[in-house]
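Quick look at coords.txt (compact mmCIF, C-alpha atoms):
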```
# COMPACT_ATOMS: atom_id res chain seq x y z
CA MET A 1 116.75 105.97 79.02
CA SER A 2 119.28 103.69 80.65
CA THR A 3 118.45 104.89 84.14
CA THR A 4 114.76 104.40 83.49
CA PHE A 5 115.40 100.99 81.98
CA ASP A 6 117.52 99.86 84.91
CA ALA A 7 114.83 100.90 87.36
CA VAL A 8 112.08 99.22 85.35
CA ALA A 9 114.09 96.05 84.85
CA ASN A 10 114.80 95.85 88.56
CA ILE A 11 111.11 96.34 89.33
CA ILE A 12 110.14 93.54 86.92
CA ALA A 13 112.81 91.22 88.29
CA GLU A 14 111.66 91.76 91.86
CA THR A 15 107.94 91.79 91.18
CA CYS A 16 107.81 88.77 88.87
CA ASP A 17 110.79 86.79 90.13
CA ILE A 18 112.46 86.93 86.71
CA PRO A 19 116.28 86.77 86.60
CA ARG A 20 117.54 90.29 85.97
CA GLU A 21 119.91 89.09 83.25
CA ASN A 22 116.95 87.81 81.21
CA ILE A 23 115.46 91.30 80.96
CA THR A 24 116.71 93.47 78.11
CA GLU A 25 115.56 96.65 76.42
CA GLU A 26 114.26 94.51 73.57
CA SER A 27 112.22 92.23 75.86
CA HIS A 28 108.48 92.18 75.28
CA ALA A 29 106.90 92.12 78.71
CA ILE A 30 104.09 89.82 77.63
CA ASP A 31 105.54 87.70 74.84
CA ASP A 32 109.12 87.32 76.05
CA LEU A 33 108.85 87.64 79.82
CA GLY A 34 105.43 86.01 80.21
CA ILE A 35 104.03 88.76 82.38
CA ASP A 36 100.24 88.62 82.63
CA SER A 37 97.81 91.45 83.26
CA LEU A 38 97.63 90.90 87.02
CA ASP A 39 101.39 90.89 87.42
CA PHE A 40 101.54 93.97 85.24
CA LEU A 41 99.28 95.76 87.74
CA ASP A 42 101.95 95.19 90.39
CA ILE A 43 104.61 96.44 88.00
CA ALA A 44 102.54 99.49 87.12
CA PHE A 45 102.02 100.23 90.80
CA ALA A 46 105.77 100.02 91.45
CA ILE A 47 106.56 102.19 88.39
CA ASP A 48 103.90 104.76 89.32
CA LYS A 49 105.37 105.00 92.80
CA ALA A 50 109.00 105.04 91.71
CA PHE A 51 108.55 107.79 89.10
CA GLY A 52 105.57 109.68 90.53
CA ILE A 53 103.50 109.13 87.41
CA LYS A 54 100.35 107.30 86.38
CA LEU A 55 100.84 104.83 83.56
CA PRO A 56 97.73 105.13 81.37
CA LEU A 57 97.21 101.39 81.20
CA GLU A 58 93.55 101.61 80.33
CA SER A 59 94.00 103.87 77.32
CA TRP A 60 96.93 101.76 76.12
CA THR A 61 94.84 98.61 76.39
CA GLN A 62 91.98 100.29 74.59
CA GLU A 63 94.26 101.42 71.77
CA VAL A 64 95.63 97.91 71.35
CA ASN A 65 92.18 96.34 71.44
CA GLU A 66 90.93 98.80 68.82
CA GLY A 67 93.91 98.17 66.56
CA LYS A 68 95.18 101.73 66.93
CA ALA A 69 98.44 100.57 68.48
CA THR A 70 100.46 97.38 68.80
CA THR A 71 101.50 95.77 72.05
CA GLU A 72 105.11 96.37 70.99
CA GLN A 73 104.58 100.12 71.26
CA TYR A 74 103.87 99.89 74.97
CA PHE A 75 105.21 96.58 76.21
CA VAL A 76 108.64 96.25 74.59
CA LEU A 77 110.70 97.60 77.45
CA LYS A 78 112.63 100.25 75.51
CA ASN A 79 109.30 101.62 74.29
CA LEU A 80 107.74 101.37 77.74
CA CYS A 81 110.69 103.29 79.16
CA ALA A 82 110.31 105.95 76.46
CA ARG A 83 106.65 106.36 77.46
CA ILE A 84 107.71 106.63 81.10
CA ASP A 85 110.26 109.31 80.22
CA GLU A 86 107.56 111.21 78.34
CA LEU A 87 105.24 111.05 81.34
CA ILE A 88 108.02 112.25 83.64
CA ALA A 89 108.80 115.12 81.26
CA ALA A 90 105.12 116.06 81.02
CA LYS A 91 104.86 116.09 84.81
CA THR A 92 107.82 118.43 85.23
CA ALA A 93 106.99 120.67 82.25
CA MET B 1 76.75 91.27 108.64
CA ARG B 2 74.84 88.77 106.52
CA LEU B 3 77.43 86.16 105.74
CA GLU B 4 75.27 84.11 103.38
CA TYR B 5 74.72 87.17 101.17
CA PHE B 6 78.29 88.41 101.46
CA GLN B 7 76.97 91.61 103.00
CA MET B 8 79.92 92.19 105.27
CA ILE B 9 79.73 95.90 106.07
CA ASP B 10 77.13 97.01 108.61
CA LYS B 11 77.89 100.66 109.01
CA VAL B 12 80.16 103.46 107.90
CA LEU B 13 81.77 105.11 110.91
CA ALA B 14 83.80 107.75 109.09
CA LEU B 15 84.68 108.87 105.58
CA ASP B 16 87.45 111.35 104.78
CA LEU B 17 87.54 112.21 101.07
CA ASP B 18 90.71 114.28 101.39
CA ALA B 19 92.64 111.65 103.31
CA ARG B 20 90.98 108.97 101.14
CA THR B 21 90.04 106.84 104.14
CA LEU B 22 86.98 104.90 105.26
CA LYS B 23 86.21 103.35 108.64
CA THR B 24 83.53 100.65 108.81
CA ALA B 25 81.89 98.57 111.53
CA ASN B 26 81.25 94.91 110.81
CA THR B 27 79.50 92.75 113.42
CA VAL B 28 79.98 89.00 113.20
CA PRO B 29 76.56 87.32 113.62
CA GLU B 30 75.97 85.17 116.68
CA GLU B 31 74.67 82.36 114.52
CA SER B 32 75.33 81.20 110.96
CA PRO B 33 75.45 77.83 109.16
CA ILE B 34 79.10 78.66 108.49
CA PHE B 35 79.89 78.11 112.16
CA GLU B 36 78.45 74.60 112.03
CA GLY B 37 81.45 73.57 109.99
CA HIS B 38 83.96 76.23 110.97
CA PHE B 39 84.36 74.77 113.53
CA PRO B 40 82.15 72.39 115.56
CA GLY B 41 82.36 73.50 119.18
CA HIS B 42 84.80 76.28 118.29
CA PRO B 43 83.05 78.79 115.98
CA LEU B 44 85.43 81.13 114.16
CA LEU B 45 84.90 83.62 111.37
CA PRO B 46 86.82 82.08 108.44
CA GLY B 47 89.98 83.96 107.59
CA VAL B 48 88.95 84.34 103.95
CA LEU B 49 85.94 86.31 105.17
CA LEU B 50 88.20 88.65 107.10
CA PHE B 51 89.90 89.36 103.79
CA GLU B 52 86.47 89.83 102.22
CA ILE B 53 85.51 92.35 104.91
CA MET B 54 88.69 94.30 104.25
CA ALA B 55 88.21 94.05 100.46
CA GLN B 56 84.62 95.28 100.67
CA SER B 57 85.62 98.21 102.86
CA CYS B 58 88.33 99.09 100.33
CA GLY B 59 85.87 98.68 97.48
CA MET B 60 83.24 100.91 99.06
CA LEU B 61 85.89 103.57 99.63
CA LEU B 62 87.12 103.40 96.03
CA LEU B 63 83.59 103.50 94.61
CA ARG B 64 82.71 106.47 96.77
CA LEU B 65 85.87 108.34 95.79
CA HIS B 66 84.98 107.80 92.13
CA ASN B 67 81.34 108.70 92.56
CA TYR B 68 80.18 105.20 91.63
CA ASP B 69 81.18 105.58 87.99
CA ARG B 70 82.96 102.22 87.86
CA MET B 71 82.95 98.87 89.64
CA ALA B 72 85.89 97.61 91.66
CA PHE B 73 86.82 93.94 91.71
CA LEU B 74 89.28 92.23 94.04
CA ALA B 75 92.48 91.47 92.11
CA SER B 76 95.08 90.61 94.73
CA VAL B 77 95.81 90.49 98.43
CA ASP B 78 99.41 91.11 99.49
CA LYS B 79 101.01 90.91 102.90
CA GLY B 80 97.78 89.48 104.32
CA LYS B 81 97.91 88.70 108.02
CA LEU B 82 95.28 87.00 110.19
CA ARG B 83 96.53 87.79 113.65
CA THR B 84 94.01 86.27 116.00
CA PHE B 85 90.69 84.43 116.09
CA VAL B 86 87.50 86.36 115.44
CA THR B 87 84.39 84.86 117.00
CA PRO B 88 80.59 85.31 116.76
CA GLY B 89 79.31 88.59 118.17
CA GLN B 90 82.55 90.52 117.83
CA VAL B 91 82.64 93.87 116.06
CA ILE B 92 85.43 94.31 113.53
CA VAL B 93 86.31 97.91 112.82
CA VAL B 94 88.08 98.22 109.47
CA ASP B 95 90.20 101.17 108.40
CA ALA B 96 90.73 101.36 104.64
CA ARG B 97 93.04 103.85 102.95
CA LEU B 98 93.62 104.45 99.25
CA GLU B 99 97.34 104.37 98.78
CA HIS B 100 97.50 104.79 95.00
CA ASP B 101 94.89 105.54 92.38
CA GLY B 102 96.19 103.90 89.24
CA SER B 103 94.80 103.64 85.73
CA GLY B 104 92.26 100.84 85.96
CA TYR B 105 93.24 99.81 89.44
CA GLY B 106 93.53 101.04 93.01
CA ARG B 107 95.99 99.98 95.66
CA LEU B 108 94.71 100.19 99.24
CA LYS B 109 95.72 99.29 102.75
CA ALA B 110 93.26 97.81 105.22
CA GLU B 111 93.41 97.01 108.91
CA GLY B 112 90.77 95.27 111.02
CA ARG B 113 90.51 95.69 114.77
CA VAL B 114 88.38 94.17 117.53
CA ASP B 115 88.22 96.23 120.72
CA GLY B 116 91.17 98.24 119.41
CA LYS B 117 93.36 95.20 118.86
CA LEU B 118 94.66 94.53 115.35
CA VAL B 119 93.21 91.24 114.10
CA CYS B 120 93.93 91.41 110.37
CA ASN B 121 95.60 93.59 107.76
CA ALA B 122 96.47 93.46 104.08
CA ASP B 123 97.48 95.41 101.00
CA ILE B 124 94.62 95.10 98.57
CA THR B 125 94.57 95.73 94.83
CA LEU B 126 91.22 96.36 93.20
CA LYS B 127 90.78 96.34 89.45
CA THR B 128 88.28 98.89 88.20
CA MET B 129 86.13 98.75 85.09
CA PRO B 130 82.78 99.97 83.82
CA PHE B 131 79.83 98.38 85.57
CA PRO B 132 79.13 95.15 83.67
CA ALA B 133 75.42 95.39 84.48
CA PRO B 134 73.32 98.44 85.36
CA GLU B 135 71.63 96.64 88.24
CA LEU B 136 75.02 96.15 89.85
CA ARG B 137 75.53 99.89 90.12
CA GLY B 138 72.04 100.19 91.61
CA TYR B 139 72.85 97.45 94.10
CA LEU B 140 76.05 99.20 95.15
CA LEU B 141 74.25 102.50 95.56
CA SER B 142 71.57 100.86 97.70
CA THR B 143 74.31 99.18 99.73
CA ALA B 144 75.99 102.54 100.23
CA GLU B 145 72.70 103.93 101.50
CA ARG B 146 72.13 100.93 103.77
CA ILE B 147 75.50 101.28 105.47
CA GLY B 148 75.18 105.04 105.85
CA MET B 149 77.82 106.15 103.38
CA PRO B 150 77.93 109.98 103.35
CA MET B 151 76.89 110.95 99.83
CA GLY B 152 76.52 114.71 99.93
CA GLU B 153 79.98 115.87 98.98
CA ALA B 154 81.41 115.13 95.56
CA ALA B 155 84.73 113.37 95.51
CA ALA B 156 87.88 115.01 94.22
CA PRO B 157 88.12 115.91 90.51
CA ALA B 158 89.95 113.87 87.90
CA SER B 159 93.37 115.32 88.57
CA SER B 160 93.39 113.97 92.10
CA GLY B 161 91.72 110.68 91.77
CA ASN B 162 88.67 110.34 89.58
CA LEU B 163 88.68 107.43 87.22
CA SER B 164 88.26 109.52 84.11
CA HIS B 165 91.29 107.86 82.72
CA VAL B 166 94.04 109.53 80.78
```

Could you write out this file's structure as structure tokens?
Amino acid sequence: MSTTFDAVANIIAETCDIPRENITEESHAIDDLGIDSLDFLDIAFAIDKAFGIKLPLESWTQEVNEGKATTEQYFVLKNLCARIDELIAAKTA
Amino acid sequence: MRLEYFQMIDKVLALDLDARTLKTANTVPEESPIFEGHFPGHPLLPGVLLFEIMAQSCGMLLLRLHNYDRMAFLASVDKGKLRTFVTPGQVIVVDARLEHDGSGYGRLKAEGRVDGKLVCNADITLKTMPFPAPELRGYLLSTAERIGMPMGEAAAPASSGNLSHV
């Protein structure tokens, strides 16, 4: 988790010009860090490339819009990193 | 190229579904009201239209790769460079390449050349979503036919790039 979090935090800091020290595992990408959907595309691109995965942004968005999930499940960084780890595990399984 | 209608692409020169690349030819018209203001006595194709030419080439590639099941909209232009003037009558050859096929977006690289010389390049992000109007899909398909987009071969299945999202 920590390795994934460090990589993701560095990506967010570089992509969105947010001080690295302001980014914690409890940070909500949207509510706390103020990242909008366009900036999140850049973050997703960097994460996809760094980990060799494809973040399912569309299905996540759909789930949130339909009330089947909360934004916290996908956009609080510790949860985002857990999803990333799951996608990495699924890729290598 | 019909600038007033934003029809920038004249012809497809090559499509490679495996390499995920498209090469287009785009001829700047000799005359257009745009040149009356941009600029008097020194007509130049506006730089924003060079970005539009690259974006449309990227968009036509992405639509073709996904068998026209979704629309692509320009979301961002990164590392955009306008390297030299482009004038009426010149033919811009654009090479577009899909770099990454994300969920709900595509990241592409585009380069424009005149007589082999690089005149513009950019990293282009296109956001993809269901067609907001059925006539738009029809318009894109007719555009694809007009520019000679090869349509016979189906693009790669979902695992390697279709937008049947996970």

Quick one: which chain A residues come within 9 Å of chain B, and what is the nearest atom pair for each with the distance in Å to one decimal, counting only C-alpha atoms, rows ordered by chain and ascending number, as a tab-separated table?
```
residue	atom	partner	partner_atom	distance
A:Leu38	CA	B:Ala75	CA	7.3
A:Leu41	CA	B:Tyr105	CA	7.5
A:Asp42	CA	B:Thr125	CA	8.6
A:Ala44	CA	B:Gly102	CA	8.0
A:Phe45	CA	B:Gly102	CA	7.1
A:Asp48	CA	B:Gly102	CA	7.8
A:Lys49	CA	B:His100	CA	8.2
A:Lys54	CA	B:Gly102	CA	6.1
A:Leu55	CA	B:Ser103	CA	6.5
A:Pro56	CA	B:Ser103	CA	5.5
A:Leu57	CA	B:Ser103	CA	5.6
A:Glu58	CA	B:Gly104	CA	5.8
A:Ser59	CA	B:Val166	CA	6.6
```

Nearby residues, (98.2, 98.9, 72.7) file frame, 12 Å, all atoms listed in the file, as JSON, numbers by chain: {"A": [30, 56, 57, 58, 59, 60, 61, 62, 63, 64, 65, 66, 67, 68, 69, 70, 71, 72, 73, 74, 75, 76, 79, 80]}

Please determine the residues with any atom at most 8 Å from (107.9, 102.4, 81.7) (coordinates as given in the file, with only C-alpha atoms counting) and report them as a PyMOL selection string. chain A and resi 4-5+8+47+55+77+79-85

Please, what distance in Å, to one decimal, runs between CA of Val28 in chain B and CA of Glu4 in chain B? 11.9 Å

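Each of B:Val48, B:Ile92, B:Ala133, B:Leu108 was checked against Asp10 in chain B using all atoms listed in the file; the smallest atom-to-atom distance is that of B:Ile92.
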
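You will find CA of Lys91 in chain A at 22.4 Å from CA of Phe40 in chain A.
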
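The protein and nucleic acid residues lying at most 10 Å from Ile18 in chain A are Ala9, Asn10, Ile11, Ile12, Leu33, Gly34 and Ile35 of chain A, with all atoms listed in the file considered and sequence neighbours fewer than 6 positions away removed.
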
Quick one: 4 Å padding each side, axis-aligned, all listed atoms of range 78-90 of chain B - centre and edge lengths in Å to one decimal, as lines of an AutoDock Vina configuration file?
```
center_x = 90.2
center_y = 87.8
center_z = 108.8
size_x = 29.7
size_y = 14.7
size_z = 26.7
```

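Take CA of Gly152 in chain B and CA of Met60 in chain B: the distance between them is 15.4 Å.
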
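Comparing the minimum interatomic distances between Ser32 in chain B and each of B:Pro88, B:Gly138, B:Phe73, B:Met54, counting only C-alpha atoms, we find that B:Pro88 sits nearest.
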
Contacts of Asn26 in chain B at 8 Å (only C-alpha atoms; same-chain gap of 3+ positions) as a VMD selection string: chain B and resid 1 8 to 11 53 91 to 94

From the coordinates supplied, range 6-42 of chain A should be written with N, CA and C atoms, as a short mmCIF file (atom, residue, chain, number, x, y, z; two decimals), in the first residue's frame.
```cif
data_model
loop_
_atom_site.label_atom_id
_atom_site.label_comp_id
_atom_site.auth_asym_id
_atom_site.auth_seq_id
_atom_site.Cartn_x
_atom_site.Cartn_y
_atom_site.Cartn_z
N ASP A 6 2.78 6.22 -2.23
CA ASP A 6 3.85 7.17 -2.54
C ASP A 6 3.87 7.52 -4.02
N ALA A 7 3.71 6.50 -4.84
CA ALA A 7 3.71 6.75 -6.29
C ALA A 7 2.53 7.62 -6.70
N VAL A 8 1.36 7.30 -6.16
CA VAL A 8 0.16 8.07 -6.51
C VAL A 8 0.27 9.50 -5.99
N ALA A 9 0.74 9.65 -4.78
CA ALA A 9 0.88 10.99 -4.21
C ALA A 9 1.87 11.83 -5.04
N ASN A 10 2.94 11.21 -5.46
CA ASN A 10 3.90 11.94 -6.29
C ASN A 10 3.29 12.34 -7.63
N ILE A 11 2.51 11.44 -8.21
CA ILE A 11 1.83 11.74 -9.47
C ILE A 11 0.88 12.94 -9.29
N ILE A 12 0.10 12.91 -8.21
CA ILE A 12 -0.85 14.01 -7.97
C ILE A 12 -0.10 15.32 -7.74
N ALA A 13 0.96 15.25 -6.96
CA ALA A 13 1.73 16.47 -6.68
C ALA A 13 2.28 17.07 -7.97
N GLU A 14 2.82 16.22 -8.82
CA GLU A 14 3.41 16.72 -10.07
C GLU A 14 2.34 17.18 -11.05
N THR A 15 1.29 16.38 -11.18
CA THR A 15 0.27 16.67 -12.18
C THR A 15 -0.54 17.92 -11.83
N CYS A 16 -0.85 18.08 -10.55
CA CYS A 16 -1.76 19.16 -10.14
C CYS A 16 -1.06 20.28 -9.39
N ASP A 17 0.24 20.19 -9.29
CA ASP A 17 1.01 21.25 -8.61
C ASP A 17 0.52 21.44 -7.17
N ILE A 18 0.30 20.33 -6.50
CA ILE A 18 -0.11 20.36 -5.09
C ILE A 18 1.10 19.96 -4.24
N PRO A 19 1.40 20.73 -3.18
CA PRO A 19 2.54 20.36 -2.34
C PRO A 19 2.41 18.92 -1.84
N ARG A 20 3.48 18.17 -1.98
CA ARG A 20 3.44 16.75 -1.63
C ARG A 20 3.02 16.53 -0.18
N GLU A 21 3.45 17.46 0.72
CA GLU A 21 3.15 17.28 2.13
C GLU A 21 1.66 17.45 2.44
N ASN A 22 0.92 18.03 1.52
CA ASN A 22 -0.53 18.20 1.73
C ASN A 22 -1.33 16.96 1.35
N ILE A 23 -0.66 15.98 0.78
CA ILE A 23 -1.36 14.80 0.27
C ILE A 23 -1.14 13.64 1.24
N THR A 24 -2.24 13.17 1.82
CA THR A 24 -2.15 12.04 2.77
C THR A 24 -3.05 10.90 2.29
N GLU A 25 -2.91 9.78 2.97
CA GLU A 25 -3.75 8.63 2.60
C GLU A 25 -5.22 8.90 2.85
N GLU A 26 -5.50 9.83 3.75
CA GLU A 26 -6.89 10.17 4.07
C GLU A 26 -7.45 11.26 3.15
N SER A 27 -6.61 11.84 2.31
CA SER A 27 -7.07 12.94 1.44
C SER A 27 -8.11 12.44 0.45
N HIS A 28 -9.16 13.25 0.30
CA HIS A 28 -10.16 12.99 -0.74
C HIS A 28 -9.72 13.81 -1.95
N ALA A 29 -9.53 13.13 -3.06
CA ALA A 29 -8.96 13.81 -4.23
C ALA A 29 -9.81 15.01 -4.66
N ILE A 30 -11.11 14.86 -4.57
CA ILE A 30 -12.00 15.94 -5.02
C ILE A 30 -12.24 16.95 -3.91
N ASP A 31 -12.68 16.47 -2.76
CA ASP A 31 -13.12 17.39 -1.70
C ASP A 31 -11.96 18.06 -0.98
N ASP A 32 -10.88 17.31 -0.76
CA ASP A 32 -9.76 17.88 0.00
C ASP A 32 -8.70 18.51 -0.90
N LEU A 33 -8.43 17.88 -2.03
CA LEU A 33 -7.34 18.36 -2.88
C LEU A 33 -7.84 19.23 -4.03
N GLY A 34 -9.15 19.26 -4.22
CA GLY A 34 -9.72 20.15 -5.24
C GLY A 34 -9.44 19.73 -6.67
N ILE A 35 -9.23 18.44 -6.87
CA ILE A 35 -8.93 17.95 -8.21
C ILE A 35 -10.23 17.80 -8.99
N ASP A 36 -10.28 18.39 -10.18
CA ASP A 36 -11.50 18.27 -10.98
C ASP A 36 -11.36 17.12 -11.98
N SER A 37 -12.44 16.90 -12.74
CA SER A 37 -12.48 15.71 -13.60
C SER A 37 -11.41 15.76 -14.69
N LEU A 38 -11.12 16.94 -15.21
CA LEU A 38 -10.10 17.03 -16.26
C LEU A 38 -8.72 16.73 -15.71
N ASP A 39 -8.42 17.31 -14.54
CA ASP A 39 -7.12 16.99 -13.93
C ASP A 39 -7.03 15.51 -13.57
N PHE A 40 -8.18 14.94 -13.20
CA PHE A 40 -8.13 13.53 -12.83
C PHE A 40 -7.86 12.64 -14.04
N LEU A 41 -8.21 13.12 -15.24
CA LEU A 41 -7.85 12.37 -16.45
C LEU A 41 -6.33 12.28 -16.58
N ASP A 42 -5.65 13.40 -16.30
CA ASP A 42 -4.18 13.39 -16.36
C ASP A 42 -3.60 12.45 -15.30
#
```
